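Trainee: Sharing a structure with you now.
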Amino acid sequence: MKIIIALSLLAVAFAAPQAPSEPIPILRQDSQSNPDGSFQYSFETGNGIAAEASGGLKDIGAEEPALQIQGQFQYPSEDGSSIQLTYIANEKGYQPQGSILPTPPPIPADIQRALDFLATAPPQPQQ
C-alpha cells in the first residue's frame, strides 16, 4: 500500500506543470494614467506577447460619463503564427474583431428571402 501511495505522489509530481527555466523578458512597457481618467498602456514580452490600450471618459448624455477603451493584443499560437485581436469597449459593450473569432454560418437563401419579405410586408391588422 505504501508503494502505491509513493508511486502516486511521484506521478503527480511529474505531471505538475513545470515553470519555465528562464524568466521571459519584458522588452517594452509603458503606462500613463491622467487625472481626467484617461489612460494608455502598452507592453511587449520576449515570447511574442504584446498588448496596448487607451481609454478615457466619454459623455454619452447620461448622468455619469462612460468609459471607452480601444486596444489590441497579440500572441503566438502553437503553430507559431501570430494571433491578433482588436477591440473597443464602451457603453455598447465589448466589441472584439479578429480572424481568430468564430463567425456565424451564412443564412440559407430561402430563409433570407423570407426575412426580406417580412421586412417589407405591411403590418397585419390586430384583432
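Every chain in the C-alpha cells takes a letter, A first, then B, and so on in the order presented; its residues are numbered from 1, and the ligands are numbered from 1 following the presented order.
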Would you pick out the contacts of segment 90-99 of chain A at 10 Å or less, using only C-alpha atoms, so that residues sharing its chain but fewer than 4 positions from it are not included, and give the list as a list of chain:residue names?
Mentor: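 Using only C-alpha atoms, the neighbours found are A:Gly55, A:Gly56, A:Leu57, A:Lys58, A:Ile60, A:Pro65, A:Ala66, A:Leu67, A:Gln68, A:Ile69, A:Gln70, A:Gly71, A:Gln72, A:Ile83, A:Gln84, A:Leu85, A:Thr86, A:Thr103.
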Trainee: One decimal, Å: what's the distance from atom CA of Pro35 of chain A over to atom CA of Ile88 of chain A, could you say?
Mentor: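 Interatomic distance, atom CA of Pro35 of chain A to atom CA of Ile88 of chain A: 21.9 Å.
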Trainee: Mind checking DSSP for chain A and telling me the helix (DSSP H, G or I) residues as a list in words?
Mentor: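 Put together, the selection reads Lys2, Ile3, Ile4, Ile5, Ala6, Leu7, Ser8, Leu9, Leu10, Ala11, Val12, Ala13, Phe14, Ala15, Ala109, Asp110, Ile111, Gln112, Arg113, Ala114, Leu115, Asp116, Phe117, Leu118, Ala119 and Thr120 of chain A.
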Trainee: Generate the output file for the selected residues, C-alpha atoms, as an mmCIF file, in the first residue's frame.
Mentor:
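Saved the output as part.cif:
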```cif
data_model
loop_
_atom_site.group_PDB
_atom_site.id
_atom_site.type_symbol
_atom_site.label_atom_id
_atom_site.label_comp_id
_atom_site.auth_asym_id
_atom_site.auth_seq_id
_atom_site.Cartn_x
_atom_site.Cartn_y
_atom_site.Cartn_z
ATOM 1 C CA LYS A 2 2.853 2.394 0.869
ATOM 2 C CA ILE A 3 4.459 1.724 -2.510
ATOM 3 C CA ILE A 4 1.218 2.598 -4.341
ATOM 4 C CA ILE A 5 0.895 5.865 -2.416
ATOM 5 C CA ALA A 6 4.544 6.736 -3.039
ATOM 6 C CA LEU A 7 4.239 5.977 -6.767
ATOM 7 C CA SER A 8 1.019 8.026 -6.954
ATOM 8 C CA LEU A 9 2.711 11.028 -5.346
ATOM 9 C CA LEU A 10 5.671 10.648 -7.678
ATOM 10 C CA ALA A 11 3.353 10.536 -10.718
ATOM 11 C CA VAL A 12 1.539 13.689 -9.556
ATOM 12 C CA ALA A 13 4.860 15.480 -9.061
ATOM 13 C CA PHE A 14 5.998 14.631 -12.599
ATOM 14 C CA ALA A 15 2.612 15.561 -14.086
ATOM 15 C CA ALA A 109 -31.177 31.603 -49.372
ATOM 16 C CA ASP A 110 -34.774 30.507 -48.628
ATOM 17 C CA ILE A 111 -34.611 31.894 -45.109
ATOM 18 C CA GLN A 112 -33.065 35.155 -46.337
ATOM 19 C CA ARG A 113 -35.865 35.581 -48.905
ATOM 20 C CA ALA A 114 -38.455 35.046 -46.158
ATOM 21 C CA LEU A 115 -36.732 37.582 -43.907
ATOM 22 C CA ASP A 116 -36.556 40.124 -46.735
ATOM 23 C CA PHE A 117 -40.269 39.604 -47.480
ATOM 24 C CA LEU A 118 -41.235 40.010 -43.815
ATOM 25 C CA ALA A 119 -39.180 43.199 -43.553
ATOM 26 C CA THR A 120 -41.097 44.816 -46.424
#
```
Trainee: What does the distance between atom CA of Asp36 of chain A and atom CA of Ala50 of chain A come to in Å, to one decimal place?
Mentor: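 Taking atom CA of Asp36 of chain A and atom CA of Ala50 of chain A, their separation equals 26.1 Å.
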Trainee: Would you give me, as JSON, numbers by chain, the residues in segment 44-97 of chain A that DSSP reads as strand (DSSP E)?
Mentor: {"A": [44, 45, 50, 51, 52, 53, 54, 55, 56, 57, 58, 66, 67, 68, 69, 70, 71, 72, 73, 74, 75, 76, 82, 83, 84, 85, 86, 87, 88, 89, 90, 93, 94, 95, 96, 97]}
Trainee: Put those residues in a file: C-alpha atoms, as an mmCIF file, in the first residue's frame.
Mentor:
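Just written: selection-v9.cif:
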```cif
data_model
loop_
_atom_site.group_PDB
_atom_site.id
_atom_site.type_symbol
_atom_site.label_atom_id
_atom_site.label_comp_id
_atom_site.auth_asym_id
_atom_site.auth_seq_id
_atom_site.Cartn_x
_atom_site.Cartn_y
_atom_site.Cartn_z
ATOM 1 C CA GLU A 44 5.788 43.540 -25.291
ATOM 2 C CA THR A 45 7.421 40.384 -23.964
ATOM 3 C CA ALA A 50 2.144 42.297 -26.958
ATOM 4 C CA ALA A 51 -0.767 44.483 -25.926
ATOM 5 C CA GLU A 52 -1.758 48.118 -25.984
ATOM 6 C CA ALA A 53 -4.847 50.023 -24.975
ATOM 7 C CA SER A 54 -6.016 53.549 -24.357
ATOM 8 C CA GLY A 55 -9.189 54.911 -22.927
ATOM 9 C CA GLY A 56 -10.994 57.739 -21.303
ATOM 10 C CA LEU A 57 -14.330 59.005 -20.152
ATOM 11 C CA LYS A 58 -16.915 59.762 -22.839
ATOM 12 C CA ALA A 66 -18.994 56.136 -19.782
ATOM 13 C CA LEU A 67 -15.526 54.672 -20.063
ATOM 14 C CA GLN A 68 -14.446 53.990 -23.637
ATOM 15 C CA ILE A 69 -11.418 51.784 -24.265
ATOM 16 C CA GLN A 70 -9.809 50.737 -27.531
ATOM 17 C CA GLY A 71 -6.906 48.381 -27.810
ATOM 18 C CA GLN A 72 -5.319 45.305 -29.301
ATOM 19 C CA PHE A 73 -3.286 42.318 -28.235
ATOM 20 C CA GLN A 74 -1.383 39.562 -29.970
ATOM 21 C CA TYR A 75 0.319 36.346 -29.018
ATOM 22 C CA PRO A 76 1.920 33.431 -30.848
ATOM 23 C CA SER A 82 0.538 35.410 -34.699
ATOM 24 C CA ILE A 83 -2.975 35.696 -33.278
ATOM 25 C CA GLN A 84 -4.200 39.279 -33.117
ATOM 26 C CA LEU A 85 -7.365 40.772 -31.697
ATOM 27 C CA THR A 86 -8.514 44.407 -31.667
ATOM 28 C CA TYR A 87 -11.354 45.656 -29.526
ATOM 29 C CA ILE A 88 -13.485 48.562 -28.416
ATOM 30 C CA ALA A 89 -15.284 48.574 -25.091
ATOM 31 C CA ASN A 90 -17.834 51.302 -24.453
ATOM 32 C CA GLY A 93 -20.318 46.591 -24.645
ATOM 33 C CA TYR A 94 -17.165 44.746 -25.617
ATOM 34 C CA GLN A 95 -16.697 44.556 -29.399
ATOM 35 C CA PRO A 96 -13.745 42.371 -30.435
ATOM 36 C CA GLN A 97 -12.553 41.888 -34.016
#
```
